[in-house]
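Student: Got a structure here, written out as structure tokens. Questions coming.
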Amino acid sequence: MMKPWTRVLVWLCLAGVLLFLYAPLFPPLLLAIQDPATGQLTLQNFGTIHSDPTLVGALMNSIILAAIVGIAAPLLALAAAQAVRSFGIPRLIIAVILLPLFIPGVSMGVSTSLFFNLTGIDPSLLTMAVVQTLWALPFAFLIILTVMSGFDTLYLEAAYTCGANRAQAFREIELPQIAPGISGAATFSVILSFNETIRTAVVQGGNNTIQTFIWSRYQQVGLTPNMYALMSLIIAVTLLLILVLVALGRKRQPAT
Amino acid sequence: MSASVKRRDLRAAVLLGVPVLLCALAIVVPLVLTLIISFWERQMIGMRPGFSMASYALFFEGARFSVLQRSFWVAISSTLLMLVCAYLVAYLITFRLPPSRTRIFLFLLSVPFLVNYVIRTFSWAYLLGRTGPVNQFLQRTGLTSQPIDWLLFSDFAVYLGLVAAYMPFMVYPIWLSLSAIDRRLIEASWMLGQPPLGTFLRVVLPLSLPGVFAAAIFGFVGAFGEVAVSQILGGVGYQLMGNAITSSLDVLNYPMAAAMSTVVVGCMLLLLLLWLRFFDLRLFLGKMLGR
């Protein structure tokens, strides 16, 4: 069907794109395991990470935030996706929930920080969690919406006919079907929270996540090998989380 | 019986309605508030309610206006560049790969996107540096004798960083609308004697415009409000709107930050309204909504 040389050209083109996108994933590791003075391989830079108390605090904050966002975003997204189906205003709900996708990160951060400023809410983990949840929400929403579109609402009708109420029908019929989508949305939200800098940096106040910690270190003193060590750990954790996402997707496939 | 069903439905409506309303308020109220604050007056510390155009006047007169102009230019030109790349990728994976491979490629595309783009941009700064791998490679292969300086801290580096940060995400909407095209239309065009280019220009491209426009908005949003790429790869003094906004925040000039942010968000909403005016959301999200 396709001429052999066009096929080769297509593959070369796509491979080039992948090379371009994956190339930036490796330099942090290279820079972390190299001693800047001697050029020898060393793991020392990883060892010094845990001796910095600010950094350990930032790491704790990142983990707490990821947990909050990983729970809040998929639940809110589930409510919104259910509302799209049962309220008579699907377009309005979709437009509003997807809005953060279309607002630059800085603007979203500035707006929420002004809001917190006027309402007298001091920057805290809570403000950071709100900003990150709003950022993860559209993605979680789209994932759950996609899974729900594969669920036939006729099953719900059948459940109602058998005497189930709305909550029962949802819990016992729909939820098992769409559960992999919800856990997928949760994993996705955790990844997004864990990798967010700019929005969080605007509302961080005195708190840090590992991402804002790297960002402020860069702005104040520049990057050091142990910052690169931290970055390569972040990349490794993110890739690991993506593996979880893939495993969840695998589980979903035989069901549908 | 019917009364009890009604009551249960009301409970469900509250259970769904409250969180959705909260989300909507959390998204919309701060944006409206920013618009209002942009008209407030600046004080030594903080701000005072009022109606003044001072922030806008200062914005459109001073050096910040050149930042706006540059941001506009960079955003538009980089969006065009990203559209060409993203369209090529989306076209190839839709029409030139078997469907199973398409899914794998889309997955591979999203993996680097999930890694913080600030970290990826730091990596680019290393890769493009004077002693970085790219320059070493060019010198070793004899393409240049001296390290190339314009690879880093230049327009080139900023455009490259923007493409790396936002292009992968733009492939999805274009792929969505390309894969929704009825293949029979393409065959019909072929049977009626159109050459491949004619079929592309008169059938495929027009039908994929909703996705292209959505992708363009994503690219433009990213590039217009950019903070990290311009600061890391643009070098000292290279400012885009995002940098201007954060530096206003740093000196606690909230009305100014609000005014600039409002201009940026206003541009976005205008584009979004145009998109909704010309293309049906349901046509585009139809696959996801399953209707």
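Labels for the structure tokens follow display order: chains A, B, ..., residues from 1 in each chain, ligands from 1.
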Near range 22-36 of chain A, counting only C-alpha atoms, which residues have an atom at most 9 Å away, once you skip same-chain residues fewer than 3 positions from it, shown as a PyMOL selection string?
Tutor: (chain A and resi 17-19+39-46+224-233+235) or (chain B and resi 111-112+115+119-124+126-127)
Student: Let me see the file: selected residues, N, CA and C atoms, as an mmCIF file, in the first residue's frame.
Tutor:
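Listing of out.cif after writing:
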data_model
loop_
_atom_site.group_PDB
_atom_site.id
_atom_site.type_symbol
_atom_site.label_atom_id
_atom_site.label_comp_id
_atom_site.auth_asym_id
_atom_site.auth_seq_id
_atom_site.Cartn_x
_atom_site.Cartn_y
_atom_site.Cartn_z
ATOM 1 N N VAL A 17 10.948 13.061 16.261
ATOM 2 C CA VAL A 17 10.114 13.777 17.239
ATOM 3 C C VAL A 17 10.309 13.187 18.633
ATOM 4 N N LEU A 18 10.319 11.844 18.702
ATOM 5 C CA LEU A 18 10.488 11.203 20.010
ATOM 6 C C LEU A 18 11.859 11.510 20.603
ATOM 7 N N LEU A 19 12.882 11.493 19.753
ATOM 8 C CA LEU A 19 14.233 11.822 20.233
ATOM 9 C C LEU A 19 14.265 13.224 20.813
ATOM 10 N N GLY A 39 35.218 15.127 37.183
ATOM 11 C CA GLY A 39 34.569 14.436 36.073
ATOM 12 C C GLY A 39 34.360 12.955 36.328
ATOM 13 N N GLN A 40 34.674 12.530 37.580
ATOM 14 C CA GLN A 40 34.482 11.108 37.898
ATOM 15 C C GLN A 40 33.040 10.826 38.296
ATOM 16 N N LEU A 41 32.651 9.558 38.172
ATOM 17 C CA LEU A 41 31.294 9.179 38.563
ATOM 18 C C LEU A 41 31.181 9.121 40.080
ATOM 19 N N THR A 42 30.062 9.653 40.590
ATOM 20 C CA THR A 42 29.856 9.652 42.035
ATOM 21 C C THR A 42 28.361 9.621 42.339
ATOM 22 N N LEU A 43 28.013 9.070 43.489
ATOM 23 C CA LEU A 43 26.616 9.075 43.915
ATOM 24 C C LEU A 43 26.413 10.025 45.090
ATOM 25 N N GLN A 44 27.478 10.769 45.429
ATOM 26 C CA GLN A 44 27.467 11.650 46.580
ATOM 27 C C GLN A 44 26.312 12.649 46.536
ATOM 28 N N ASN A 45 26.018 13.165 45.342
ATOM 29 C CA ASN A 45 25.004 14.203 45.221
ATOM 30 C C ASN A 45 23.628 13.727 45.643
ATOM 31 N N PHE A 46 23.394 12.416 45.493
ATOM 32 C CA PHE A 46 22.122 11.872 45.958
ATOM 33 C C PHE A 46 22.116 11.789 47.482
ATOM 34 N N THR A 224 22.929 23.428 41.209
ATOM 35 C CA THR A 224 24.109 22.687 41.662
ATOM 36 C C THR A 224 23.887 21.207 41.368
ATOM 37 N N PRO A 225 24.967 20.397 41.418
ATOM 38 C CA PRO A 225 24.793 18.967 41.117
ATOM 39 C C PRO A 225 23.728 18.289 41.965
ATOM 40 N N ASN A 226 23.573 18.702 43.241
ATOM 41 C CA ASN A 226 22.543 17.985 44.007
ATOM 42 C C ASN A 226 21.125 18.399 43.614
ATOM 43 N N MET A 227 20.987 19.593 42.986
ATOM 44 C CA MET A 227 19.693 19.937 42.393
ATOM 45 C C MET A 227 19.403 19.005 41.217
ATOM 46 N N TYR A 228 20.456 18.712 40.438
ATOM 47 C CA TYR A 228 20.266 17.787 39.310
ATOM 48 C C TYR A 228 19.925 16.388 39.811
ATOM 49 N N ALA A 229 20.537 16.012 40.958
ATOM 50 C CA ALA A 229 20.212 14.711 41.542
ATOM 51 C C ALA A 229 18.729 14.659 41.904
ATOM 52 N N LEU A 230 18.260 15.762 42.500
ATOM 53 C CA LEU A 230 16.848 15.856 42.864
ATOM 54 C C LEU A 230 15.956 15.740 41.624
ATOM 55 N N MET A 231 16.356 16.468 40.562
ATOM 56 C CA MET A 231 15.564 16.422 39.328
ATOM 57 C C MET A 231 15.495 15.018 38.762
ATOM 58 N N SER A 232 16.643 14.297 38.792
ATOM 59 C CA SER A 232 16.591 12.960 38.201
ATOM 60 C C SER A 232 15.737 12.031 39.053
ATOM 61 N N LEU A 233 15.706 12.279 40.376
ATOM 62 C CA LEU A 233 14.794 11.489 41.219
ATOM 63 C C LEU A 233 13.341 11.794 40.862
ATOM 64 N N ILE A 235 12.187 12.800 37.998
ATOM 65 C CA ILE A 235 11.896 12.150 36.706
ATOM 66 C C ILE A 235 11.639 10.659 36.918
ATOM 67 N N VAL B 111 4.402 10.807 27.703
ATOM 68 C CA VAL B 111 5.315 10.534 28.827
ATOM 69 C C VAL B 111 6.198 11.745 29.163
ATOM 70 N N PRO B 112 6.946 12.303 28.192
ATOM 71 C CA PRO B 112 7.762 13.465 28.552
ATOM 72 C C PRO B 112 6.920 14.669 28.942
ATOM 73 N N VAL B 115 6.471 14.949 32.658
ATOM 74 C CA VAL B 115 7.607 15.397 33.464
ATOM 75 C C VAL B 115 7.640 16.924 33.421
ATOM 76 N N ILE B 119 11.862 21.412 34.494
ATOM 77 C CA ILE B 119 13.030 20.525 34.539
ATOM 78 C C ILE B 119 13.529 20.229 33.136
ATOM 79 N N ARG B 120 12.579 19.966 32.218
ATOM 80 C CA ARG B 120 13.002 19.693 30.838
ATOM 81 C C ARG B 120 13.688 20.904 30.221
ATOM 82 N N THR B 121 13.215 22.103 30.610
ATOM 83 C CA THR B 121 13.833 23.316 30.079
ATOM 84 C C THR B 121 15.248 23.501 30.641
ATOM 85 N N PHE B 122 15.447 23.178 31.921
ATOM 86 C CA PHE B 122 16.815 23.179 32.481
ATOM 87 C C PHE B 122 17.721 22.264 31.655
ATOM 88 N N SER B 123 17.183 21.091 31.303
ATOM 89 C CA SER B 123 17.956 20.149 30.500
ATOM 90 C C SER B 123 18.362 20.759 29.173
ATOM 91 N N TRP B 124 17.426 21.478 28.555
ATOM 92 C CA TRP B 124 17.747 22.097 27.264
ATOM 93 C C TRP B 124 18.852 23.121 27.422
ATOM 94 N N TYR B 126 21.305 22.949 29.366
ATOM 95 C CA TYR B 126 22.567 22.197 29.363
ATOM 96 C C TYR B 126 22.899 21.693 27.963
ATOM 97 N N LEU B 127 21.878 21.112 27.298
ATOM 98 C CA LEU B 127 22.121 20.519 25.976
ATOM 99 C C LEU B 127 22.605 21.557 24.966
#
Student: Taking only C-alpha atoms into account, what are the residues of chain A at most 6 Å from chain B, put as a list of chain:residue names?
Tutor: A:Pro24, A:Pro27, A:Ala79, A:Ala80, A:Pro104, A:Ser107, A:Ser111, A:Thr112, A:Phe115, A:Thr146, A:Ser149, A:Asn195
Student: If you count only C-alpha atoms, which residues fall within 7 Å of Leu176 in chain B, apart from same-chain ones fewer than 4 positions away, as a PyMOL selection string?
Tutor: chain B and resi 172+180+211
Student: Using C-alpha atoms, can you export the residues from the last selection as a PDB file, in the first residue's frame?
Tutor:
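Result file is result.pdb:
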ATOM      1  CA  TYR B 172      -4.098  15.462  20.717  1.00  0.00           C
ATOM      2  CA  ALA B 180     -13.053  11.617  13.252  1.00  0.00           C
ATOM      3  CA  GLY B 211      -8.799  20.499  16.232  1.00  0.00           C
TER       4      GLY B 211
END
Student: Excluding range 125-133 of chain A and its own-chain neighbours fewer than 2 positions away, which residues fall within 6 Å of it when counting only C-alpha atoms? Please give them as a PyMOL selection string.
Tutor: chain A and resi 65+69+73+123+135-137+193+200
Student: Can I get the selection written as an mmCIF file, in the first residue's frame, with N, CA and C atoms?
Tutor:
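Okay, this is what ended up in again_23.cif:
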data_model
loop_
_atom_site.group_PDB
_atom_site.id
_atom_site.type_symbol
_atom_site.label_atom_id
_atom_site.label_comp_id
_atom_site.auth_asym_id
_atom_site.auth_seq_id
_atom_site.Cartn_x
_atom_site.Cartn_y
_atom_site.Cartn_z
ATOM 1 N N LEU A 65 0.708 17.276 49.282
ATOM 2 C CA LEU A 65 -0.073 17.922 48.224
ATOM 3 C C LEU A 65 -0.527 16.909 47.178
ATOM 4 N N VAL A 69 -4.369 16.370 46.208
ATOM 5 C CA VAL A 69 -4.831 16.589 44.830
ATOM 6 C C VAL A 69 -5.285 15.274 44.212
ATOM 7 N N ALA A 73 -9.103 15.994 43.211
ATOM 8 C CA ALA A 73 -9.373 16.252 41.795
ATOM 9 C C ALA A 73 -10.256 15.177 41.155
ATOM 10 N N PRO A 123 -1.064 32.296 52.637
ATOM 11 C CA PRO A 123 -0.513 31.195 51.830
ATOM 12 C C PRO A 123 -0.171 30.004 52.725
ATOM 13 N N TRP A 135 -5.831 22.894 38.566
ATOM 14 C CA TRP A 135 -5.017 22.571 37.387
ATOM 15 C C TRP A 135 -5.231 21.117 36.954
ATOM 16 N N ALA A 136 -5.341 20.204 37.936
ATOM 17 C CA ALA A 136 -5.495 18.790 37.603
ATOM 18 C C ALA A 136 -6.925 18.461 37.189
ATOM 19 N N LEU A 137 -7.874 19.292 37.651
ATOM 20 C CA LEU A 137 -9.298 18.997 37.433
ATOM 21 C C LEU A 137 -9.676 18.750 35.968
ATOM 22 N N SER A 193 0.287 17.156 40.005
ATOM 23 C CA SER A 193 0.595 17.896 41.229
ATOM 24 C C SER A 193 2.091 17.846 41.516
ATOM 25 N N THR A 200 2.052 27.013 41.489
ATOM 26 C CA THR A 200 2.318 26.827 42.912
ATOM 27 C C THR A 200 3.236 27.925 43.432
#
Student: Quick one: pull the distance between CA of Ser71 in chain B and CA of Ala57 in chain B, Å, one decimal.
Tutor: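 Rounded to one decimal, the two atoms are 18.4 Å apart.
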Student: Can you pull out the residues contacting range 136-151 of chain B? Cut-off 10 Å, using only C-alpha atoms, and skip same-chain residues under 5 positions away; I want them as a PyMOL selection string.
Tutor: chain B and resi 125+127-131+156-158+160+233
Student: For N, CA and C atoms, I'd like the residues from the last selection saved as a compact mmCIF listing (two decimals), in the first residue's frame.
Tutor:
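Now in out.txt:
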# COMPACT_ATOMS: atom_id res chain seq x y z
N ALA B 125 18.84 23.85 28.53
CA ALA B 125 19.89 24.84 28.76
C ALA B 125 21.26 24.16 28.77
N LEU B 127 21.88 21.11 27.30
CA LEU B 127 22.12 20.52 25.98
C LEU B 127 22.60 21.56 24.97
N LEU B 128 22.08 22.79 25.08
CA LEU B 128 22.39 23.81 24.07
C LEU B 128 23.58 24.70 24.44
N GLY B 129 24.11 24.51 25.65
CA GLY B 129 25.17 25.39 26.13
C GLY B 129 26.44 25.33 25.27
N ARG B 130 27.35 26.29 25.54
CA ARG B 130 28.59 26.39 24.75
C ARG B 130 29.39 25.09 24.75
N THR B 131 29.42 24.43 25.94
CA THR B 131 30.18 23.19 26.03
C THR B 131 29.25 21.97 26.07
N PHE B 156 16.23 31.64 19.22
CA PHE B 156 16.22 30.24 18.80
C PHE B 156 15.94 29.32 19.98
N ALA B 157 16.67 29.56 21.08
CA ALA B 157 16.52 28.70 22.27
C ALA B 157 15.11 28.80 22.83
N VAL B 158 14.56 30.03 22.85
CA VAL B 158 13.21 30.21 23.40
C VAL B 158 12.19 29.47 22.55
N LEU B 160 12.70 26.92 20.62
CA LEU B 160 12.90 25.48 20.80
C LEU B 160 12.28 25.02 22.11
N LEU B 233 15.98 29.99 29.02
CA LEU B 233 16.62 29.88 27.72
C LEU B 233 16.81 31.23 27.02
Student: Which residues in range 31-235 of chain A does DSSP call alpha helix (DSSP H)? List them as a ChimeraX atom specification.
Tutor: /A:31-32,44-47,53-86,90-102,105-118,125-149,154-161,166-169,175-194,198-203,210-220,225-235
Student: For Gly205 in chain A, work out the shell of residues within 9 Å, counting only C-alpha atoms and skipping chain neighbours fewer than 3 positions away, then give it as a PyMOL selection string.
Tutor: chain A and resi 122-124+201-202+208
Student: With N, CA and C atoms retained, export the selected residues as a short mmCIF file (atom, residue, chain, number, x, y, z; two decimals), in the first residue's frame.
Tutor:
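Written output follows (part-v9.cif):
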data_model
loop_
_atom_site.label_atom_id
_atom_site.label_comp_id
_atom_site.auth_asym_id
_atom_site.auth_seq_id
_atom_site.Cartn_x
_atom_site.Cartn_y
_atom_site.Cartn_z
N ASP A 122 -4.09 33.17 54.42
CA ASP A 122 -2.63 33.22 54.24
C ASP A 122 -2.16 32.06 53.38
N PRO A 123 -1.06 32.30 52.64
CA PRO A 123 -0.51 31.19 51.83
C PRO A 123 -0.17 30.00 52.72
N SER A 124 -0.60 28.83 52.30
CA SER A 124 -0.36 27.63 53.10
C SER A 124 -0.43 26.44 52.16
N ALA A 201 4.22 28.31 42.61
CA ALA A 201 5.20 29.30 43.08
C ALA A 201 4.54 30.63 43.42
N VAL A 202 3.44 30.98 42.72
CA VAL A 202 2.79 32.26 42.98
C VAL A 202 2.09 32.27 44.34
N ASN A 208 7.41 25.43 50.59
CA ASN A 208 8.03 24.98 49.35
C ASN A 208 7.55 23.58 49.00
#
Student: Determine the nearest neighbour of Val84 in chain B from the options B:Leu162, B:Val67, B:Leu106, B:Val171, counting only C-alpha atoms.
Tutor: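 Using only C-alpha atoms, the shortest distance to Val84 in chain B belongs to B:Val171.
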Student: Return the single residue from A:Val110, A:Ile210, A:Ala236, A:Val244 that is closest to Pro53 in chain A, with distances computed using only C-alpha atoms.
Tutor: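 Distance minimum relative to Pro53 in chain A lands on A:Ile210.
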Student: Would you work out the distance separating CA of Gln239 in chain B from CA of Thr212 in chain A, expressed in Å to one decimal?
Tutor: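 Value for the CA of Gln239 in chain B-CA of Thr212 in chain A distance: 20.1 Å.
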Student: In Å, rounded to a single decimal, give me how far CA of Met82 in chain B is from CA of Ser216 in chain A.
Tutor: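 If I compute the distance from CA of Ser216 in chain A to CA of Met82 in chain B, I get 29.1 Å.
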Student: Write down as JSON, numbers by chain the residues of range 16-226 of chain B whose backbone DSSP state falls under strand (DSSP E or B).
Tutor: {"B": [41, 42, 47, 48]}
Student: My list of candidates is B:Tyr159, B:Trp190, B:Phe213, B:Trp175. Which is closest to Arg103 in chain B when distances are computed with only C-alpha atoms?
Tutor: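 Checking each of B:Tyr159, B:Trp190, B:Phe213, B:Trp175 against Arg103 in chain B, counting only C-alpha atoms, the winner is B:Trp175.
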